[in-house]
Each structure stands twice: as structure tokens, then as C-alpha cells.
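Structure data follow from structure.txt (compact mmCIF, C-alpha atoms):
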```txt
# COMPACT_ATOMS: atom_id res chain seq x y z
CA MET A 4 -21.89 -9.50 0.97
CA GLN A 5 -23.49 -7.05 -1.47
CA MET A 6 -23.67 -4.38 1.25
CA LEU A 7 -19.97 -4.87 2.02
CA VAL A 8 -19.09 -4.40 -1.66
CA LYS A 9 -21.11 -1.17 -1.80
CA VAL A 10 -19.40 0.11 1.34
CA LEU A 11 -15.94 -0.61 -0.12
CA ILE A 12 -16.64 0.66 -3.65
CA TYR A 13 -18.46 3.86 -2.73
CA PRO A 14 -15.55 5.50 -0.81
CA CYS A 15 -13.16 4.54 -3.62
CA ALA A 16 -15.47 6.15 -6.15
CA ILE A 17 -15.56 9.33 -4.08
CA LEU A 18 -11.77 9.34 -3.77
CA LYS A 19 -11.39 8.78 -7.50
CA SER A 20 -13.80 11.59 -8.38
CA ALA A 21 -11.89 13.86 -6.00
CA GLY A 22 -8.66 13.12 -7.88
CA ALA A 23 -7.15 10.57 -5.48
CA GLY A 24 -6.68 8.01 -8.22
CA ASN A 25 -6.63 4.35 -7.31
CA LEU A 26 -5.17 4.69 -3.81
CA LEU A 27 -7.21 1.86 -2.28
CA GLY A 28 -7.97 -0.17 -5.41
CA THR A 29 -6.70 -3.49 -6.68
CA GLU A 30 -3.70 -1.95 -8.46
CA GLN A 31 -2.33 -0.72 -5.11
CA SER A 32 -3.25 -3.77 -3.05
CA GLY A 33 -0.47 -5.81 -4.67
CA PHE A 34 2.00 -3.18 -3.50
CA ILE A 35 0.52 -3.28 0.02
CA ASP A 36 0.69 -7.09 0.02
CA THR A 37 4.34 -6.91 -1.00
CA ILE A 38 5.58 -4.47 1.66
CA GLY A 39 2.94 -4.95 4.36
CA PHE A 40 0.18 -2.64 5.49
CA ASP A 41 2.14 -1.05 8.38
CA LEU A 42 5.08 -0.11 6.16
CA TYR A 43 2.66 1.16 3.50
CA LEU A 44 1.02 3.46 6.06
CA LYS A 45 4.42 4.64 7.27
CA LEU A 46 5.53 5.44 3.72
CA LEU A 47 2.24 7.20 3.02
CA ASP A 48 2.61 9.23 6.23
CA GLU A 49 6.18 10.21 5.32
CA ALA A 50 5.05 11.28 1.84
CA VAL A 51 2.26 13.42 3.29
CA GLU A 52 4.66 15.02 5.80
CA GLU A 53 7.10 15.76 2.97
CA LEU A 54 4.35 17.44 0.95
CA LYS A 55 3.32 19.48 4.01
CA GLN A 56 6.88 20.76 4.42
CA ASP A 57 7.62 21.40 0.74
CA GLU A 58 4.87 21.99 -1.80
CA PHE A 59 2.10 22.85 0.65
CA LYS A 60 4.06 24.53 3.44
CA GLU A 61 2.03 27.74 3.18
CA VAL A 62 -1.19 25.82 3.73
CA PHE A 63 0.17 23.98 6.76
CA LYS A 64 2.41 26.71 8.24
CA ASP A 65 0.22 27.23 11.31
CA LEU A 66 -0.03 23.55 12.22
CA PRO A 67 2.38 22.13 14.79
CA ARG A 68 5.18 20.06 13.29
CA GLN A 69 5.12 16.35 13.80
CA HIS A 70 8.14 15.08 15.73
CA GLU A 71 10.23 12.61 13.84
CA ARG A 72 10.52 9.36 15.76
CA SER A 73 12.08 5.98 15.15
CA GLU A 74 10.77 2.62 16.30
CA PRO A 75 13.75 1.19 18.17
CA THR A 76 14.02 -2.45 19.08
CA ILE A 77 15.21 -3.37 22.55
CA ASP A 78 17.29 -6.47 23.20
CA THR A 79 17.57 -7.54 26.82
CA PHE A 80 19.59 -10.34 28.33
CA PHE A 81 17.16 -10.78 31.21
CA GLU A 82 13.48 -11.62 31.46
CA ILE A 83 10.92 -8.91 30.88
CA GLY A 84 7.28 -9.33 30.04
CA ILE A 85 3.84 -9.92 31.46
CA PRO A 86 3.58 -13.43 32.90
CA LYS A 87 0.43 -15.52 32.53
CA SER A 88 0.35 -15.91 36.30
CA TYR A 89 -0.11 -12.12 36.66
CA MET A 90 -2.41 -11.54 33.70
CA PRO A 91 -4.07 -14.81 32.57
CA ASP A 92 -5.96 -13.53 29.51
CA GLN A 93 -3.85 -13.27 26.36
CA ALA A 94 -5.99 -10.41 25.00
CA ASP A 95 -5.29 -8.38 28.16
CA ARG A 96 -1.55 -8.99 27.87
CA LEU A 97 -1.55 -7.99 24.20
CA GLY A 98 -3.55 -4.85 25.00
CA PHE A 99 -1.06 -3.79 27.67
CA TYR A 100 1.95 -4.55 25.46
CA THR A 101 0.38 -2.44 22.71
CA ALA A 102 -0.40 0.41 25.12
CA LEU A 103 3.11 0.41 26.58
CA PHE A 104 4.93 0.36 23.27
CA SER A 105 2.72 2.81 21.37
CA MET A 106 2.63 5.69 23.85
CA ILE A 107 2.40 9.10 22.25
CA LYS A 108 2.91 11.00 25.51
CA ILE A 109 4.83 9.74 28.53
CA GLU A 110 1.90 10.78 30.75
CA GLU A 111 0.00 7.77 29.39
CA LEU A 112 2.30 5.53 31.43
CA ASP A 113 0.67 6.45 34.75
CA GLU A 114 -2.76 5.50 33.43
CA ILE A 115 -1.44 2.18 32.11
CA LYS A 116 0.20 1.33 35.43
CA GLU A 117 -2.89 2.37 37.42
CA GLU A 118 -5.08 0.14 35.29
CA MET A 119 -2.70 -2.79 35.75
CA ILE A 120 -2.71 -2.37 39.52
CA ASP A 121 -6.50 -1.89 39.66
CA ARG A 122 -7.20 -4.99 37.61
CA PHE A 123 -4.37 -7.38 38.51
CA GLY A 124 -2.76 -6.20 41.76
CA ARG A 125 0.84 -5.34 42.58
CA ILE A 126 3.11 -5.20 39.54
CA PRO A 127 5.74 -7.99 39.52
CA SER A 128 9.42 -7.21 38.91
CA ASN A 129 9.58 -8.53 35.32
CA VAL A 130 6.58 -6.31 34.43
CA GLU A 131 8.36 -3.36 36.11
CA ARG A 132 11.37 -4.08 33.86
CA LEU A 133 9.02 -4.20 30.86
CA ILE A 134 7.64 -0.79 31.83
CA LEU A 135 11.18 0.60 32.14
CA ALA A 136 12.00 -0.84 28.70
CA ALA A 137 8.90 0.88 27.29
CA VAL A 138 10.02 4.19 28.80
CA LEU A 139 13.52 3.70 27.40
CA ARG A 140 12.06 2.93 23.97
CA PHE A 141 9.80 6.01 24.18
CA TYR A 142 12.72 8.40 24.79
CA ALA A 143 15.04 6.55 22.39
CA SER A 144 12.49 7.01 19.60
CA PHE A 145 12.94 10.81 19.82
CA ALA A 146 16.71 10.35 19.61
CA LEU A 147 16.05 8.34 16.41
CA LEU A 148 17.86 5.28 17.77
CA GLU A 149 17.22 2.05 15.93
CA ARG A 150 18.39 -0.57 18.44
CA ILE A 151 19.14 -0.68 22.16
CA VAL A 152 20.96 -3.56 23.84
CA VAL A 153 20.53 -3.81 27.61
CA GLN A 154 22.77 -6.24 29.48
CA ASN A 155 22.49 -7.37 33.05
```
Would you write the structure of this file as C-alpha cells?
Amino acid sequence: MQMLVKVLIYPCAILKSAGAGNLLGTEQSGFIDTIGFDLYLKLLDEAVEELKQDEFKEVFKDLPRQHERSEPTIDTFFEIGIPKSYMPDQADRLGFYTALFSMIKIEELDEIKEEMIDRFGRIPSNVERLILAAVLRFYASFALLERIVVQN
């Protein structure tokens, strides 16, 4: 336990001495608890991007711009998903869901599908529909769509 405390305190001390304030300390953790860690990271990322484009644009002028993307939800009126009969282990299913819906480049899709086929065999139709939904979500995120409703 003492080692863990040293590991957590030491980086905070370095950040504080570098002028980062209490970014990871107890005063901020209440804020993180209130809005959730994912939203906190998103807000932090947006703030950093804003600083890069405004106050520090000369420093970051040669870096490629980050594409603005949304995180659209997809509502379907038919079954999509990875059935237990195809992929019995819950951790595997969660890993593939995460991979499909967090793609940064569309080229990642081929690798995901190849791994599915290599490990579990032919892809069933409801998994194919899930893959199509992931592709739709990927492209919709660049169009900054918030919600997509797909009917049969």
C-alpha cells in the first residue's frame, strides 16, 4: 500500500512543481466523480484542442489537425450483436465490441473481421449487421451526427 501511495503522490508532485496545479488531486476527483471519468477526459481533450488552436497555435501550427468527431448512437429495430453461441467468452465479445466501435481508421475493420474468422469461424448474419452498424457509426461520427435510427 505504501508503494502505491508513493507512485500516486510522486507524479502529482511533479505536475504541481511544473505548474499543473491540482489536476489529479482530491479537489478535482469530486468533479470527476460528478461528471464521470470519460466525460472529464473528453472535456480536457476539448480544452487542450482549443488552446492548440487559439493561444498556442504558433507552437502547434505544423501538427496535423485533429478531426472533430461525434459519438453517435445507433438504434436498430432488428437484432444485431455477437451471440454467445458464436463467441462464448464474454471478455472476447466485449473486446470485439470495443474494437468495432472505437475504430480510428476504417482499415482496422479488416483486421477485426479476420481475427473473428480465424478464432470463431464464419461470421453469422447478426454479427455482419453489427459490423455494418459499426461502419455506419464510424462514418456518421465524421458527419457529427448524434443519433441514427435504422428500421427494417
Legend entry - Interatomic distance (Å, one decimal) between atom CA of A:Glu74 and atom CA of A:Arg140: 7.8 Å
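Ranking A:Val130, A:Lys55, A:Thr101, A:Ile109 by their shortest atom-to-atom distance to A:Lys87, with all atoms listed in the file included, puts A:Val130 first.
Atom to atom, atom CA of A:Asp92 and atom CA of A:Ile134 stand 18.8 Å apart.
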Inset, instruction - For each of A:Arg72, A:Lys60, A:Arg125, A:Lys116, take the minimum atom-to-atom distance to A:Phe141, counting only C-alpha atoms, then give the residue where this is smallest. - result: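 When distances to A:Phe141 are compared using only C-alpha atoms, the smallest one comes from A:Arg72.
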Inset, instruction - Figure out the distance between atom CA of A:Ile77 and atom CA of A:Ala136, please, to one decimal in Å. - result: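 So the answer is 7.4 Å.
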Legend entry - Given only C-alpha atoms as the counted atoms, nearest of A:Leu47, A:Met119, A:Leu147, A:Leu139 to A:Asp78: A:Leu139
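Between A:Ile126 and the candidates A:Ser88, A:Ser105, A:Asn155, A:Ser144, the tightest atom-to-atom separation, counting all atoms listed in the file, involves A:Ser88.
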Inset, instruction - Choose the residue, out of A:Leu54, A:Leu44, A:Ile120, A:Ile107, that has the smallest atom-to-atom separation from A:Phe145; count only C-alpha atoms. - result: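 Nearest to A:Phe145: A:Ile107.
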Legend entry - Among the residues A:Glu53, A:Leu42, A:Arg132, A:Phe123, the one that comes closest to A:Pro91 [using all atoms listed in the file]: A:Phe123
